[in-house]
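Quick look at my_file_16.txt (compact mmCIF, C-alpha atoms):
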```
# COMPACT_ATOMS: atom_id res chain seq x y z
CA MET A 217 7.40 -22.58 -35.83
CA GLY A 218 6.50 -26.15 -34.80
CA ALA A 219 4.26 -26.93 -31.87
CA PHE A 220 7.19 -28.45 -29.94
CA HIS A 221 9.27 -25.27 -30.22
CA ARG A 222 6.28 -23.12 -29.29
CA LEU A 223 5.71 -25.18 -26.14
CA ASN A 224 9.38 -24.79 -25.18
CA LEU A 225 9.12 -21.05 -25.65
CA LEU A 226 5.95 -20.98 -23.58
CA HIS A 227 7.70 -22.88 -20.75
CA PHE A 228 10.63 -20.45 -20.84
CA THR A 229 8.31 -17.44 -20.77
CA LEU A 230 6.36 -18.87 -17.84
CA SER A 231 9.64 -19.23 -15.92
CA LEU A 232 10.43 -15.57 -16.55
CA VAL A 233 6.96 -14.53 -15.38
CA VAL A 234 7.46 -16.43 -12.10
CA ILE A 235 10.73 -14.56 -11.54
CA ALA A 236 9.24 -11.20 -12.47
CA VAL A 237 6.48 -11.25 -9.88
CA ASN A 238 8.85 -11.82 -6.96
CA GLY A 239 10.98 -9.15 -5.26
CA HIS A 240 14.07 -8.52 -3.17
CA ASN A 241 13.62 -8.28 0.57
CA ILE A 242 16.80 -7.24 2.37
CA THR A 243 15.79 -8.68 5.75
CA ALA A 244 14.78 -12.01 4.21
CA ILE A 245 18.10 -12.23 2.38
CA LEU A 246 20.18 -11.44 5.47
CA GLU A 247 18.31 -13.96 7.62
CA GLY A 248 20.48 -16.56 5.92
CA PHE A 249 23.66 -14.86 7.17
CA PRO A 250 23.90 -14.93 11.01
CA ASP A 251 27.05 -12.79 10.97
CA TYR A 252 24.87 -9.78 10.07
CA SER A 253 21.96 -10.35 12.47
CA VAL A 254 22.62 -7.12 14.40
CA TYR A 255 22.81 -5.12 11.17
CA ASN A 256 19.58 -6.77 10.00
CA SER A 257 17.85 -6.00 13.27
CA PHE A 258 18.68 -2.30 13.04
CA LEU A 259 17.45 -2.14 9.44
CA THR A 260 14.09 -3.18 10.84
CA GLN A 261 14.17 -0.89 13.88
CA THR A 262 15.04 2.17 11.81
CA LYS A 263 12.59 1.19 9.01
CA LEU A 264 15.45 1.45 6.51
CA ALA A 265 14.56 -2.04 5.30
CA ASP A 266 11.30 -0.70 3.87
CA GLU A 267 13.12 2.03 1.96
CA ILE A 268 15.71 -0.45 0.63
CA ASN A 269 12.97 -2.79 -0.56
CA THR A 270 11.35 -0.04 -2.65
CA ARG A 271 14.57 0.56 -4.61
CA GLU A 272 15.28 -1.37 -7.80
CA THR A 273 19.03 -0.77 -8.10
CA ILE A 274 20.93 -0.65 -4.82
CA THR A 275 24.05 -1.77 -2.94
CA CYS A 276 24.13 -2.41 0.80
CA LEU A 277 27.48 -2.19 2.59
CA VAL A 278 27.00 -4.42 5.62
CA LEU A 279 28.92 -4.66 8.89
CA ASN A 280 29.41 -7.83 10.89
CA ASN A 281 27.97 -8.21 14.38
CA GLY A 282 31.12 -7.06 16.14
CA ALA A 283 31.38 -3.80 14.18
CA MET A 284 27.65 -3.13 14.54
CA SER A 285 27.62 -3.75 18.29
CA ALA A 286 30.48 -1.28 18.79
CA LEU A 287 28.58 1.30 16.73
CA THR A 288 25.11 0.93 18.23
CA SER A 289 26.30 0.86 21.84
CA LYS A 290 27.55 4.46 21.58
CA HIS A 291 24.79 6.22 19.65
CA PRO A 292 21.00 6.71 19.76
CA LEU A 293 18.75 5.11 17.15
CA SER A 294 18.37 8.32 15.13
CA VAL A 295 22.16 8.62 14.67
CA VAL A 296 22.45 4.90 13.84
CA LYS A 297 19.83 5.39 11.14
CA ASN A 298 21.83 8.24 9.60
CA ILE A 299 25.03 6.18 9.61
CA LEU A 300 23.36 3.12 8.08
CA SER A 301 21.72 5.33 5.42
CA LEU A 302 25.25 6.31 4.38
CA HIS A 303 25.97 2.62 3.79
CA VAL A 304 23.16 2.20 1.23
CA LEU A 305 24.44 3.14 -2.25
CA LEU A 306 21.90 4.10 -4.91
CA ASP A 307 23.77 2.18 -7.61
CA TYR A 308 24.72 -1.42 -8.28
CA TYR A 309 28.28 -2.44 -7.32
CA ASP A 310 29.43 -6.03 -7.41
CA PRO A 311 33.08 -7.16 -6.92
CA GLN A 312 33.82 -6.91 -10.64
CA LYS A 313 32.51 -3.36 -10.90
CA LEU A 314 34.47 -2.27 -7.82
CA HIS A 315 37.71 -3.13 -9.61
CA LYS A 316 36.70 -1.44 -12.88
CA ILE A 317 35.95 2.06 -11.59
CA SER A 318 36.87 4.73 -14.14
CA ASP A 319 40.03 6.62 -13.09
CA GLY A 320 40.19 4.35 -10.03
CA THR A 321 37.88 6.46 -7.87
CA THR A 322 34.25 7.65 -7.84
CA LEU A 323 31.72 9.42 -5.65
CA THR A 324 28.37 7.67 -5.36
CA THR A 325 25.03 8.83 -3.94
CA THR A 326 23.66 7.18 -0.80
CA LEU A 327 20.25 6.91 0.80
CA TYR A 328 21.32 9.55 3.32
CA GLN A 329 21.53 12.13 0.52
CA THR A 330 17.79 11.68 -0.16
CA THR A 331 16.79 12.69 3.38
CA GLY A 332 17.40 16.40 2.82
CA ASN A 333 19.63 16.47 5.91
CA ALA A 334 22.93 16.08 4.05
CA PRO A 335 24.49 19.39 2.98
CA GLY A 336 27.22 19.42 0.33
CA ASN A 337 28.82 16.02 -0.20
CA LEU A 338 27.77 14.64 3.18
CA GLY A 339 25.42 12.14 1.54
CA PHE A 340 28.04 10.77 -0.89
CA VAL A 341 30.60 8.00 -0.44
CA ASN A 342 34.07 7.86 -1.99
CA ILE A 343 34.97 4.46 -3.51
CA THR A 344 38.61 4.06 -4.54
CA ASP A 345 40.34 1.08 -6.14
CA LEU A 346 43.63 0.90 -4.21
CA GLN A 347 46.87 -0.93 -4.97
CA GLY A 348 47.01 -4.69 -4.51
CA GLY A 349 43.33 -5.31 -5.30
CA LYS A 350 42.10 -3.48 -2.21
CA VAL A 351 39.04 -1.20 -2.44
CA GLY A 352 38.62 1.61 0.08
CA PHE A 353 35.47 3.42 1.24
CA GLY A 354 35.15 6.79 2.96
CA SER A 355 33.14 9.98 3.20
CA ALA A 356 33.12 12.21 0.10
CA ILE A 357 33.80 15.27 2.27
CA PRO A 358 37.19 16.68 1.14
CA GLY A 359 40.02 15.56 3.40
CA SER A 360 38.20 12.46 4.68
CA LYS A 361 40.18 9.23 5.01
CA LEU A 362 39.31 5.86 3.48
CA ASP A 363 38.87 4.19 6.87
CA SER A 364 36.87 1.23 5.56
CA SER A 365 37.69 -1.40 2.95
CA TYR A 366 35.91 -4.12 0.96
CA THR A 367 36.05 -7.46 2.78
CA LYS A 368 33.93 -9.89 0.77
CA SER A 369 30.84 -10.40 -1.33
CA VAL A 370 27.73 -11.54 0.53
CA LYS A 371 24.97 -11.73 -2.11
CA GLN A 372 24.13 -10.37 -5.56
CA ILE A 373 20.95 -10.37 -7.61
CA PRO A 374 22.41 -8.84 -10.78
CA TYR A 375 21.49 -5.22 -11.47
CA ASN A 376 18.91 -5.30 -8.65
CA ILE A 377 20.67 -5.58 -5.29
CA SER A 378 24.26 -6.23 -4.21
CA ILE A 379 25.35 -6.89 -0.63
CA LEU A 380 29.02 -6.38 0.24
CA GLU A 381 30.76 -6.63 3.61
CA ILE A 382 33.11 -3.79 4.58
CA SER A 383 35.61 -3.73 7.43
CA ALA A 384 34.43 -0.68 9.41
CA PRO A 385 31.66 1.94 9.45
CA ILE A 386 31.89 4.89 7.06
CA ILE A 387 31.72 7.95 9.29
CA ALA A 388 31.13 11.33 7.64
CA PRO A 389 32.43 14.40 9.52
CA GLY A 390 29.67 15.80 11.71
CA ILE A 391 27.26 12.87 11.35
CA LEU A 392 27.97 11.64 14.89
CA THR A 393 27.86 15.06 16.52
CA ALA A 394 24.70 16.23 14.75
CA PRO A 395 21.94 16.89 17.30
CA ALA A 396 19.73 13.87 17.70
CA PRO A 397 16.46 14.99 19.30
CA SER A 398 14.83 12.58 21.65
CA SER A 399 11.18 11.81 20.98
CA SER A 400 10.12 13.54 24.19
CA GLY A 401 11.93 16.70 23.07
CA VAL A 402 10.16 17.02 19.70
CA ASN A 403 8.35 20.37 19.44
CA ILE A 404 5.37 19.31 17.32
CA THR A 405 3.69 22.71 17.01
CA GLY A 406 6.99 24.46 16.33
CA LEU A 407 7.75 22.06 13.46
CA LEU A 408 4.22 22.41 12.07
CA GLU A 409 4.26 26.21 12.14
CA LYS A 410 7.62 26.31 10.39
CA ALA A 411 6.24 23.97 7.69
CA GLY A 412 3.25 26.22 6.92
CA CYS A 413 0.71 24.30 9.00
CA LYS A 414 -0.17 27.02 11.54
CA THR A 415 -3.93 26.40 11.37
CA PHE A 416 -3.49 22.72 12.13
CA ALA A 417 -1.05 23.50 14.98
CA SER A 418 -3.52 25.98 16.47
CA LEU A 419 -6.36 23.44 16.34
CA LEU A 420 -4.22 20.82 18.07
CA THR A 421 -3.48 23.25 20.90
CA SER A 422 -6.98 24.67 21.37
CA SER A 423 -8.64 21.22 21.30
CA GLY A 424 -6.19 19.60 23.70
CA VAL A 425 -5.32 16.89 21.13
CA LEU A 426 -1.70 18.04 21.24
CA LYS A 427 -1.37 16.24 24.58
CA THR A 428 -2.58 13.03 22.93
CA TYR A 429 0.07 13.43 20.23
CA GLU A 430 2.80 14.09 22.81
CA SER A 431 1.83 11.06 24.89
CA ALA A 432 2.34 8.86 21.83
CA LEU A 433 5.83 10.18 20.97
CA ASP A 434 7.89 7.59 22.84
CA LYS A 435 6.13 4.57 21.31
CA GLY A 436 5.99 5.99 17.79
CA LEU A 437 4.01 8.69 15.99
CA THR A 438 3.42 9.70 12.37
CA VAL A 439 1.59 12.97 11.71
CA PHE A 440 -0.14 13.96 8.46
CA ALA A 441 -0.48 17.74 8.73
CA PRO A 442 -2.68 19.69 6.28
CA SER A 443 -1.16 22.95 5.06
CA ASP A 444 -2.82 26.28 5.78
CA GLU A 445 -4.00 26.37 2.16
CA ALA A 446 -5.71 23.01 2.63
CA PHE A 447 -8.08 24.48 5.21
CA LYS A 448 -9.08 27.22 2.73
CA ALA A 449 -9.83 24.80 -0.11
CA GLU A 450 -13.30 24.46 -1.55
CA GLY A 451 -15.29 21.62 -0.04
CA VAL A 452 -13.68 21.72 3.41
CA PRO A 453 -16.55 21.62 5.92
CA ASP A 454 -17.02 24.29 8.56
CA LEU A 455 -15.18 22.75 11.48
CA SER A 456 -16.87 25.12 13.92
CA LYS A 457 -20.11 23.22 13.33
CA LEU A 458 -18.58 19.99 14.62
CA THR A 459 -19.08 18.95 18.22
CA ASN A 460 -16.03 18.91 20.49
CA ALA A 461 -15.90 15.12 20.27
CA GLU A 462 -16.03 15.26 16.46
CA GLN A 463 -13.24 17.84 16.31
CA VAL A 464 -11.10 15.63 18.53
CA SER A 465 -11.76 12.60 16.29
CA LEU A 466 -10.91 14.63 13.17
CA LEU A 467 -7.58 15.83 14.59
CA GLU A 468 -6.68 12.39 15.97
CA TYR A 469 -7.42 11.01 12.50
CA HIS A 470 -4.40 12.96 11.20
CA ALA A 471 -1.89 10.85 13.16
CA SER A 472 -0.92 7.19 13.38
CA PRO A 473 0.40 5.65 16.64
CA ASP A 474 3.41 4.14 14.87
CA TYR A 475 6.62 5.30 13.22
CA LYS A 476 6.04 5.23 9.46
CA PRO A 477 8.74 7.02 7.44
CA LYS A 478 8.46 7.41 3.69
CA GLY A 479 9.82 3.98 2.79
CA THR A 480 7.38 2.27 5.16
CA LEU A 481 4.40 4.19 3.79
CA LYS A 482 5.35 3.20 0.25
CA THR A 483 5.32 -0.51 1.15
CA THR A 484 2.20 -0.44 3.35
CA LYS A 485 -0.58 -2.66 2.00
CA ASP A 486 -2.94 -2.86 4.97
CA PRO A 487 -5.12 -0.01 6.28
CA ILE A 488 -3.30 2.38 8.62
CA SER A 489 -4.77 2.81 12.08
CA THR A 490 -4.96 6.33 13.49
CA LEU A 491 -5.20 7.81 16.97
CA ALA A 492 -8.97 8.01 16.35
CA THR A 493 -9.29 4.30 15.60
CA ASN A 494 -11.68 2.68 18.06
CA GLY A 495 -12.45 -0.61 16.39
CA ALA A 496 -11.85 -2.78 13.36
CA GLY A 497 -11.98 -0.66 10.22
CA LYS A 498 -12.85 2.55 12.08
CA TYR A 499 -11.05 5.80 11.29
CA ASP A 500 -8.32 4.20 9.21
CA LEU A 501 -6.41 5.31 6.11
CA THR A 502 -5.18 3.52 3.03
CA VAL A 503 -2.19 4.53 0.94
CA THR A 504 -1.42 4.13 -2.75
CA THR A 505 1.83 4.88 -4.55
CA ALA A 506 2.73 5.94 -8.07
CA GLY A 507 6.48 6.07 -8.52
CA ASP A 508 7.80 8.22 -5.68
CA SER A 509 4.41 9.84 -5.00
CA MET A 510 2.11 8.68 -2.19
CA THR A 511 -1.61 9.36 -1.74
CA LEU A 512 -3.74 8.83 1.36
CA HIS A 513 -7.37 7.74 0.96
CA THR A 514 -10.05 8.32 3.58
CA GLY A 515 -13.16 7.03 1.82
CA VAL A 516 -14.27 10.63 1.25
CA GLY A 517 -11.39 11.89 -0.84
CA PRO A 518 -7.65 11.52 -1.54
CA SER A 519 -4.76 13.64 -0.28
CA ARG A 520 -1.20 13.64 -1.58
CA VAL A 521 1.64 13.28 0.93
CA ALA A 522 3.64 16.42 0.10
CA GLU A 523 6.91 16.37 2.04
CA ALA A 524 8.62 15.15 5.17
CA VAL A 525 8.88 17.85 7.82
CA PHE A 526 10.63 15.67 10.39
CA ASP A 527 11.96 12.10 10.39
CA SER A 528 13.86 10.83 13.39
CA PRO A 529 12.93 7.49 14.96
CA PRO A 530 10.36 7.06 16.35
CA VAL A 531 8.64 10.22 14.98
CA ALA A 532 7.75 11.26 11.43
CA ILE A 533 5.80 14.35 10.38
CA PHE A 534 4.52 14.88 6.82
CA THR A 535 2.53 17.66 5.20
CA VAL A 536 -0.50 16.71 3.10
CA ASP A 537 -2.34 18.69 0.43
CA ASN A 538 -5.86 18.21 1.77
CA VAL A 539 -7.63 17.95 5.11
CA LEU A 540 -8.24 14.26 5.82
CA LEU A 541 -12.00 13.77 6.16
CA PRO A 542 -12.94 10.41 7.71
CA SER A 543 -16.00 8.69 6.27
CA GLU A 544 -17.20 8.04 9.84
CA LEU A 545 -17.85 11.79 10.17
CA PHE A 546 -18.48 12.95 6.62
CA GLY A 547 -19.86 9.89 4.82
CA LYS A 548 -18.32 8.03 1.92
CA SER A 549 -17.67 9.65 -1.42
CA PRO A 550 -20.61 9.19 -3.79
CA SER A 551 -20.33 6.28 -6.17
CA PRO A 552 -20.45 7.13 -9.86
CA ALA A 553 -23.96 6.96 -11.36
CA PRO A 554 -24.56 3.69 -13.19
CA ALA A 555 -24.65 3.88 -16.95
CA PRO A 556 -28.20 3.91 -18.38
CA GLU A 557 -29.41 0.56 -19.63
CA PRO A 558 -29.75 0.29 -23.40
CA VAL A 559 -33.31 0.76 -24.65
CA SER A 560 -34.60 -2.40 -26.30
CA LEU A 561 -36.88 -1.81 -29.27
CA PRO A 562 -39.96 -4.06 -29.68
CA SER A 563 -39.62 -6.86 -32.21
CA PRO A 564 -41.31 -6.05 -35.54
CA THR A 565 -44.62 -7.77 -36.31
CA PRO A 566 -44.18 -10.67 -38.72
CA SER A 567 -45.28 -9.78 -42.23
CA LEU A 568 -46.18 -11.81 -45.31
CA SER A 569 -44.49 -9.29 -47.53
CA PRO A 570 -41.41 -10.41 -49.41
CA SER A 571 -38.14 -10.50 -47.48
CA PRO A 572 -36.10 -7.30 -47.74
CA SER A 573 -33.27 -7.28 -50.19
CA PRO A 574 -29.74 -7.84 -48.88
CA MET A 575 -29.01 -4.17 -49.50
CA SER A 576 -31.37 -3.19 -46.69
CA GLU A 577 -29.54 -5.19 -44.00
CA ALA A 578 -27.80 -3.19 -41.25
CA PRO A 579 -24.02 -3.12 -41.53
CA SER A 580 -22.08 -5.32 -39.15
CA PRO A 581 -20.84 -3.35 -36.09
CA LEU A 582 -17.49 -5.11 -36.48
CA ALA A 583 -16.90 -3.39 -39.78
CA ALA A 584 -17.08 0.01 -38.11
CA SER A 585 -14.80 -0.88 -35.19
CA PRO A 586 -11.33 0.67 -35.47
CA PRO A 587 -8.34 -1.64 -34.98
CA ALA A 588 -6.66 -1.69 -31.57
CA PRO A 589 -3.71 0.71 -31.32
CA PRO A 590 -0.27 -0.93 -31.55
CA THR A 591 1.45 -1.62 -28.26
CA GLY A 592 5.14 -0.74 -28.06
CA THR A 593 7.40 -2.87 -25.99
CA PRO A 594 10.29 -0.93 -24.45
CA VAL A 595 13.56 -2.76 -24.44
CA GLY A 596 16.59 -1.94 -22.35
CA SER A 597 19.45 -3.39 -20.38
CA PRO A 598 21.84 -2.04 -17.77
CA ALA A 599 24.63 0.03 -19.25
CA ASP A 600 27.52 -1.39 -17.29
CA SER A 601 26.94 -5.03 -16.54
CA PRO A 602 29.61 -6.90 -14.55
CA ALA A 603 32.02 -8.92 -16.64
CA GLY A 604 31.25 -12.09 -14.75
CA SER A 605 28.88 -13.28 -12.06
CA SER A 606 29.94 -13.38 -8.44
CA GLU A 607 30.09 -16.68 -6.62
CA ASN A 608 27.18 -15.40 -4.53
CA SER A 609 25.23 -14.02 -7.47
CA THR A 610 21.85 -15.40 -8.37
CA SER A 611 19.28 -14.68 -11.00
CA ASP A 612 16.85 -17.44 -10.05
CA ASN A 613 13.73 -17.22 -7.96
CA ALA A 614 15.62 -17.01 -4.66
CA ALA A 615 14.13 -15.70 -1.41
CA GLY A 616 13.97 -11.95 -1.39
CA HIS A 617 14.28 -11.47 -5.18
CA VAL A 618 12.03 -8.99 -7.02
CA SER A 619 12.59 -7.70 -10.52
CA ALA A 620 11.56 -4.30 -11.88
CA PRO A 621 7.87 -3.72 -12.70
CA LEU A 622 8.84 -2.74 -16.25
CA LEU A 623 10.41 -6.17 -16.79
CA GLY A 624 7.21 -7.78 -15.57
CA THR A 625 5.19 -5.77 -18.11
CA ILE A 626 7.50 -6.77 -20.96
CA ILE A 627 7.46 -10.44 -19.97
CA PHE A 628 3.69 -10.47 -19.60
CA THR A 629 3.33 -9.05 -23.12
CA VAL A 630 5.62 -11.76 -24.52
CA PHE A 631 3.78 -14.40 -22.51
CA ALA A 632 0.39 -13.34 -23.88
CA THR A 633 1.76 -13.40 -27.44
CA VAL A 634 3.20 -16.90 -27.03
CA VAL A 635 0.00 -18.25 -25.47
CA SER A 636 -2.03 -16.85 -28.36
CA SER A 637 0.38 -18.45 -30.85
CA VAL A 638 0.09 -21.86 -29.17
CA ILE A 639 -3.71 -21.73 -28.96
CA LEU A 640 -4.23 -20.58 -32.53
CA SER A 641 -1.75 -23.04 -34.07
```
Structure rendered as structure tokens:
Amino acid sequence: MGAFHRLNLLHFTLSLVVIAVNGHNITAILEGFPDYSVYNSFLTQTKLADEINTRETITCLVLNNGAMSALTSKHPLSVVKNILSLHVLLDYYDPQKLHKISDGTTLTTTLYQTTGNAPGNLGFVNITDLQGGKVGFGSAIPGSKLDSSYTKSVKQIPYNISILEISAPIIAPGILTAPAPSSSGVNITGLLEKAGCKTFASLLTSSGVLKTYESALDKGLTVFAPSDEAFKAEGVPDLSKLTNAEQVSLLEYHASPDYKPKGTLKTTKDPISTLATNGAGKYDLTVTTAGDSMTLHTGVGPSRVAEAVFDSPPVAIFTVDNVLLPSELFGKSPSPAPAPEPVSLPSPTPSLSPSPSPMSEAPSPLAASPPAPPTGTPVGSPADSPAGSSENSTSDNAAGHVSAPLLGTIIFTVFATVVSSVILS
């Protein structure tokens, strides 16, 4: 391959790398469409935007400002969140795919189905290709009507995110009448005891910290509750030896004064302040993610976020596998011991004896080094790509676009190979 062709390939690969490191951001995309400003605002208020941004293949069915205003004026934020979750499809649908549905109708999973609050088919949406090019949407509950229809395409980033406008909200039977607890009516200890966190609930009550939790409910509260087994684990300090003030700080450390559902935790980069935070960098938590798993880090040790006990704006309660031990009370985890320095042997005394024969020379360490293992590059493409691109489709580096991490890995591997080829030529 000539140098000119290699440079062209390098330029192309660099372009792909630039695309790969960016990502879709639903609120950033919708900022360019004023007709959906109310919808966009409620994605932020309910924290659904964070959950949408963590998904790699998704379709958002949006409502214009008039339809959203009629919906939000009648229902509390927790119910609005449930309804909007039903409008987030966990699959990619662009206009072409809508009109090529097998057998003319399909049931597709929504974000609401992942909450654990959707029995039966409540978290599914029925999509049906009707006569005359019309596409209808409705609840998947048997007997439900297709009360909403496809209006127009808003934006597509192929195979990543599709945004479609529909004419009216999709209302599943029972989703509007489901009890929506107000933040002031949340029974924290009752929820904790039911989730197997009786020890933690008892400590909150006996220490008086429960009142601190309850006073934070209206503005937003996220609780990380250790299970009963966590308090019995090896290495958990004897809490009875802590002063009253230290016990209070420890329990306040298990809650953040903000509403942080699962999707928000997964996208959090900065340290999380807690109720015990009293200054910059004091009593905070950091979070790391691996796929769908989340881990909290205290500086002393990690703890996996196990499951969501309660999630209704503005309150979220999670169970965690370990008691969260702040470094302010228990010190930082010990750093690994440094590796011993290599012992240097003294240089031999010069001698007038004849030089040793070549056979006595030490073998080169390179000769004994095994070759690097081969690196496989997975290759794949979406199974059902649309026949043609939508007028609002884009695959360039537009605002809000992020490709899958796997694609970034593949492109980086190709990039490194091309760079090596150019340098060595």
Surrounding residues of Asp508 of chain A excluding itself and chain neighbours under 5 positions, 12 Å, only C-alpha atoms, as a ChimeraX atom specification: /A:267,270-271,330,478-479,481-483,520-523
I need the residue nearest Met510 of chain A from this list: A:Gly349, A:Gly248, A:Pro530, A:Pro477. Use only C-alpha atoms for the distance. A:Pro477
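Counting all atoms listed in the file, segment 313-323 of chain A has the following residues at most 10 Å away, ignoring those fewer than 3 positions along the same chain: Tyr308, Tyr309, Asp310, Thr326, Asn337, Gly339, Phe340, Val341, Asn342, Ile343, Thr344, Asp345, Leu346, Gln347, Gly349, Lys350, Val351, Gly352, Phe353, Gly354, Ser355, Ala356, Tyr366, Asp600, Ser601, Pro602, Ala603 and Gly604 of chain A.
The nearest approach to Val304 of chain A among the residues A:Glu247, A:Asp486, A:Glu409, A:Glu381, with all atoms listed in the file taken into account, belongs to A:Glu381.
Around Phe249 of chain A, within 10 Å and counting all atoms listed in the file, the residues found are Ala244, Asn256, Asn280, Val370 and Lys371 of chain A, once anything fewer than 5 positions away on its own chain is removed.
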